[in-house]
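Take a look at the structure below.
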Amino acid sequence: MRMPKSINTVRRQIAAKIRSLGEAGTFLCGSFVVKRWKCAKPECLCNRTGKKHTAYAVTSRGENGRTRSVYVPVGMADEVKGWVKEYRKLQKIIRQISALAEQAIRLHVPVARAERRRRQNLESTTETSSRE
């Protein structure tokens, strides 16, 4: 992301990104996981044809650093996959807002210094003109 020249430009960009957060739909933190396996039953279809069993889950890091999995019913798999995708999109927007906020801080410093120098110059010229 290139550095804009104006702090007002950065603030407008931040406001636009925050508005886009309001347009977000349902989201779910975690990773969508497809699990496939072959069972131990010799008469099962998976052993005869090679087609494995499938289950869907969403895994996420829970409390105390432990990974937690939530079973996703087959009928909800596509919908839940969309929720996880929406969460990733929101994370990206939040990172962009954070980067823009950092730019605003970096832009503020030279502007504040220039303003302080300008005030000091005005004060020094006022003092010299009042002495005369």
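Residue numbering restarts at 1 for every chain of the structure tokens, chains are lettered A, B, ... in their displayed order, and ligands are numbered from 1 as they appear.
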
Residues of stretch 39-90 of chain A at most 6 Å from stretch 23-27 of chain A: nearest atom pair and distance in Å, only C-alpha atoms, as a tab-separated table:
```
residue	atom	partner	partner_atom	distance
A:Trp83	CA	A:Phe27	CA	4.2
A:Val84	CA	A:Phe27	CA	5.9
A:Glu86	CA	A:Phe27	CA	5.4
A:Tyr87	CA	A:Phe27	CA	5.0
```

### Query
Tell me, which residues of stretch 48-125 of chain A carry DSSP alpha helix (DSSP H), written as a VMD selection string?
chain A and resid 48 to 49 77 to 125

Any chance you could export the current selection's N, CA and C atoms as a short mmCIF file (atom, residue, chain, number, x, y, z; two decimals), in the first residue's frame?
```cif
data_model
loop_
_atom_site.label_atom_id
_atom_site.label_comp_id
_atom_site.auth_asym_id
_atom_site.auth_seq_id
_atom_site.Cartn_x
_atom_site.Cartn_y
_atom_site.Cartn_z
N ARG A 48 -14.90 -51.56 -0.81
CA ARG A 48 -15.16 -52.24 -2.09
C ARG A 48 -14.87 -51.33 -3.28
N THR A 49 -15.23 -50.06 -3.19
CA THR A 49 -15.08 -49.16 -4.34
C THR A 49 -13.92 -48.18 -4.20
N ALA A 77 -22.62 -27.49 4.58
CA ALA A 77 -21.20 -27.38 4.25
C ALA A 77 -20.90 -26.14 3.40
N ASP A 78 -21.63 -25.92 2.31
CA ASP A 78 -21.36 -24.77 1.44
C ASP A 78 -21.61 -23.45 2.16
N GLU A 79 -22.68 -23.41 2.95
CA GLU A 79 -23.01 -22.19 3.69
C GLU A 79 -21.92 -21.85 4.71
N VAL A 80 -21.48 -22.85 5.45
CA VAL A 80 -20.45 -22.64 6.47
C VAL A 80 -19.12 -22.27 5.82
N LYS A 81 -18.83 -22.85 4.67
CA LYS A 81 -17.61 -22.50 3.93
C LYS A 81 -17.65 -21.01 3.57
N GLY A 82 -18.81 -20.52 3.20
CA GLY A 82 -18.99 -19.09 2.91
C GLY A 82 -18.77 -18.22 4.14
N TRP A 83 -19.23 -18.69 5.30
CA TRP A 83 -19.04 -17.95 6.55
C TRP A 83 -17.56 -17.80 6.87
N VAL A 84 -16.81 -18.90 6.69
CA VAL A 84 -15.36 -18.86 6.96
C VAL A 84 -14.67 -17.92 5.97
N LYS A 85 -15.11 -17.95 4.72
CA LYS A 85 -14.55 -17.05 3.70
C LYS A 85 -14.83 -15.59 4.06
N GLU A 86 -16.03 -15.31 4.55
CA GLU A 86 -16.40 -13.95 4.97
C GLU A 86 -15.51 -13.49 6.13
N TYR A 87 -15.21 -14.39 7.05
CA TYR A 87 -14.33 -14.07 8.17
C TYR A 87 -12.94 -13.68 7.68
N ARG A 88 -12.43 -14.42 6.70
CA ARG A 88 -11.11 -14.11 6.12
C ARG A 88 -11.12 -12.73 5.46
N LYS A 89 -12.23 -12.42 4.78
CA LYS A 89 -12.36 -11.11 4.13
C LYS A 89 -12.35 -9.99 5.18
N LEU A 90 -13.07 -10.20 6.28
CA LEU A 90 -13.10 -9.21 7.36
C LEU A 90 -11.71 -9.03 7.99
N GLN A 91 -10.99 -10.12 8.17
CA GLN A 91 -9.64 -10.03 8.71
C GLN A 91 -8.76 -9.17 7.82
N LYS A 92 -8.89 -9.35 6.51
CA LYS A 92 -8.09 -8.58 5.56
C LYS A 92 -8.43 -7.08 5.66
N ILE A 93 -9.72 -6.76 5.75
CA ILE A 93 -10.14 -5.36 5.87
C ILE A 93 -9.61 -4.75 7.16
N ILE A 94 -9.67 -5.50 8.25
CA ILE A 94 -9.18 -5.01 9.54
C ILE A 94 -7.68 -4.75 9.48
N ARG A 95 -6.92 -5.63 8.81
CA ARG A 95 -5.48 -5.40 8.65
C ARG A 95 -5.22 -4.14 7.83
N GLN A 96 -6.05 -3.91 6.80
CA GLN A 96 -5.90 -2.71 5.98
C GLN A 96 -6.18 -1.44 6.80
N ILE A 97 -7.24 -1.49 7.63
CA ILE A 97 -7.56 -0.34 8.48
C ILE A 97 -6.40 -0.07 9.44
N SER A 98 -5.83 -1.12 9.99
CA SER A 98 -4.71 -0.97 10.91
C SER A 98 -3.51 -0.32 10.21
N ALA A 99 -3.22 -0.75 8.99
CA ALA A 99 -2.11 -0.17 8.23
C ALA A 99 -2.38 1.31 7.93
N LEU A 100 -3.62 1.63 7.59
CA LEU A 100 -3.97 3.03 7.32
C LEU A 100 -3.86 3.88 8.58
N ALA A 101 -4.26 3.33 9.73
CA ALA A 101 -4.14 4.06 10.99
C ALA A 101 -2.66 4.34 11.30
N GLU A 102 -1.82 3.37 11.01
CA GLU A 102 -0.38 3.57 11.21
C GLU A 102 0.14 4.68 10.28
N GLN A 103 -0.36 4.71 9.05
CA GLN A 103 0.03 5.78 8.12
C GLN A 103 -0.41 7.14 8.64
N ALA A 104 -1.61 7.19 9.23
CA ALA A 104 -2.11 8.45 9.78
C ALA A 104 -1.17 8.95 10.88
N ILE A 105 -0.69 8.04 11.70
CA ILE A 105 0.25 8.42 12.76
C ILE A 105 1.54 8.96 12.14
N ARG A 106 2.06 8.24 11.14
CA ARG A 106 3.31 8.65 10.50
C ARG A 106 3.16 10.00 9.79
N LEU A 107 2.00 10.26 9.21
CA LEU A 107 1.76 11.54 8.54
C LEU A 107 1.57 12.68 9.53
N HIS A 108 1.07 12.37 10.70
CA HIS A 108 0.81 13.40 11.70
C HIS A 108 2.10 14.05 12.20
N VAL A 109 3.14 13.27 12.35
CA VAL A 109 4.39 13.77 12.93
C VAL A 109 4.96 14.93 12.12
N PRO A 110 5.18 14.79 10.79
CA PRO A 110 5.74 15.94 10.06
C PRO A 110 4.80 17.14 10.04
N VAL A 111 3.51 16.90 10.00
CA VAL A 111 2.54 17.99 9.99
C VAL A 111 2.60 18.74 11.33
N ALA A 112 2.67 18.01 12.43
CA ALA A 112 2.75 18.63 13.75
C ALA A 112 4.05 19.42 13.90
N ARG A 113 5.15 18.86 13.39
CA ARG A 113 6.43 19.58 13.48
C ARG A 113 6.38 20.87 12.68
N ALA A 114 5.84 20.80 11.48
CA ALA A 114 5.74 21.99 10.63
C ALA A 114 4.87 23.05 11.30
N GLU A 115 3.77 22.64 11.91
CA GLU A 115 2.88 23.57 12.60
C GLU A 115 3.60 24.22 13.78
N ARG A 116 4.36 23.44 14.53
CA ARG A 116 5.10 23.98 15.67
C ARG A 116 6.16 24.98 15.20
N ARG A 117 6.88 24.64 14.11
CA ARG A 117 7.87 25.57 13.57
C ARG A 117 7.22 26.87 13.09
N ARG A 118 6.07 26.74 12.45
CA ARG A 118 5.36 27.92 11.95
C ARG A 118 4.97 28.84 13.11
N ARG A 119 4.44 28.23 14.19
CA ARG A 119 4.06 29.03 15.37
C ARG A 119 5.27 29.70 15.98
N GLN A 120 6.38 28.98 16.08
CA GLN A 120 7.60 29.56 16.64
C GLN A 120 8.09 30.71 15.79
N ASN A 121 8.04 30.56 14.48
CA ASN A 121 8.47 31.64 13.58
C ASN A 121 7.56 32.85 13.72
N LEU A 122 6.26 32.61 13.83
CA LEU A 122 5.32 33.71 14.01
C LEU A 122 5.58 34.45 15.33
N GLU A 123 5.84 33.68 16.39
CA GLU A 123 6.11 34.28 17.69
C GLU A 123 7.40 35.08 17.67
N SER A 124 8.42 34.56 17.00
CA SER A 124 9.70 35.28 16.97
C SER A 124 9.60 36.54 16.11
N THR A 125 8.83 36.50 15.03
CA THR A 125 8.67 37.70 14.22
C THR A 125 7.80 38.73 14.94
#
```

### Message
My list of candidates is A:Gly30, A:Ile7, A:Ile18, A:Arg12. Which is closest to A:Arg61 when distances are computed with only C-alpha atoms?
### Response
A:Gly30

Those in chain A with strand (DSSP E or B) from DSSP, as a CSV table (one decimal) with N, CA and C atoms, in the first residue's frame:
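Result file is selection06.csv:
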```csv
chain,number,residue,atom,x,y,z
A,31,SER,N,-11.1,-22.7,10.4
A,31,SER,CA,-10.8,-23.2,9.1
A,31,SER,C,-11.8,-24.3,8.8
A,32,PHE,N,-12.2,-24.3,7.5
A,32,PHE,CA,-13.2,-25.3,7.1
A,32,PHE,C,-12.3,-26.5,6.7
A,33,VAL,N,-12.7,-27.7,7.3
A,33,VAL,CA,-11.9,-28.9,7.0
A,33,VAL,C,-12.8,-30.0,6.5
A,34,VAL,N,-12.3,-30.6,5.5
A,34,VAL,CA,-12.9,-31.8,4.9
A,34,VAL,C,-12.1,-33.0,5.3
A,35,LYS,N,-12.8,-34.0,6.1
A,35,LYS,CA,-12.1,-35.2,6.5
A,35,LYS,C,-12.6,-36.3,5.7
A,36,ARG,N,-11.6,-37.1,5.2
A,36,ARG,CA,-12.0,-38.3,4.4
A,36,ARG,C,-11.2,-39.5,5.0
A,37,TRP,N,-11.9,-40.6,5.1
A,37,TRP,CA,-11.3,-41.8,5.7
A,37,TRP,C,-11.9,-43.1,5.1
A,53,HIS,N,-15.3,-42.2,3.1
A,53,HIS,CA,-16.3,-41.5,3.9
A,53,HIS,C,-15.9,-40.0,4.0
A,54,THR,N,-16.8,-39.1,4.1
A,54,THR,CA,-16.5,-37.7,4.1
A,54,THR,C,-17.3,-37.1,5.3
A,55,ALA,N,-16.6,-36.2,6.0
A,55,ALA,CA,-17.2,-35.4,7.1
A,55,ALA,C,-16.7,-34.0,7.0
A,56,TYR,N,-17.5,-33.0,7.4
A,56,TYR,CA,-17.0,-31.6,7.4
A,56,TYR,C,-16.9,-31.1,8.8
A,57,ALA,N,-16.0,-30.2,9.0
A,57,ALA,CA,-15.8,-29.6,10.4
A,57,ALA,C,-15.2,-28.3,10.2
A,58,VAL,N,-15.4,-27.5,11.2
A,58,VAL,CA,-14.7,-26.2,11.3
A,58,VAL,C,-13.8,-26.3,12.6
A,59,THR,N,-12.6,-26.0,12.4
A,59,THR,CA,-11.7,-26.1,13.5
A,59,THR,C,-11.2,-24.7,13.9
A,60,SER,N,-11.1,-24.4,15.1
A,60,SER,CA,-10.6,-23.1,15.6
A,60,SER,C,-9.8,-23.3,16.9
A,61,ARG,N,-9.0,-22.3,17.2
A,61,ARG,CA,-8.2,-22.4,18.4
A,61,ARG,C,-9.1,-21.9,19.5
A,67,THR,N,-7.1,-26.8,20.1
A,67,THR,CA,-7.9,-26.7,18.9
A,67,THR,C,-9.2,-27.4,19.2
A,68,ARG,N,-10.3,-26.7,18.7
A,68,ARG,CA,-11.6,-27.2,18.9
A,68,ARG,C,-12.2,-27.5,17.5
A,69,SER,N,-12.9,-28.6,17.3
A,69,SER,CA,-13.6,-28.8,16.1
A,69,SER,C,-15.1,-28.9,16.3
A,70,VAL,N,-15.8,-28.4,15.3
A,70,VAL,CA,-17.3,-28.4,15.4
A,70,VAL,C,-17.8,-29.1,14.1
A,71,TYR,N,-18.6,-30.2,14.3
A,71,TYR,CA,-19.1,-30.9,13.2
A,71,TYR,C,-20.0,-30.1,12.4
A,72,VAL,N,-19.9,-30.1,11.0
A,72,VAL,CA,-20.8,-29.4,10.1
A,72,VAL,C,-21.6,-30.4,9.4
```

### Query
Which value, in Å to one decimal, gives the distance between atom CA of A:Cys29 and atom CA of A:Glu63?
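Atom-to-atom, atom CA of A:Cys29 and atom CA of A:Glu63 are spaced 13.6 Å apart.
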
### Query
How many Å lie between atom CA of A:Gly62 and atom CA of A:Met76, rounded to one decimal?
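Taking atom CA of A:Gly62 and atom CA of A:Met76, their separation equals 22.1 Å.
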
### Task
Find the spatial neighbours of stretch 38-41 of chain A, counting only C-alpha atoms, within a cut-off of 9 Å - ignore same-chain residues fewer than 5 positions away - and output them as a PyMOL selection string.
chain A and resi 46-47+50-53
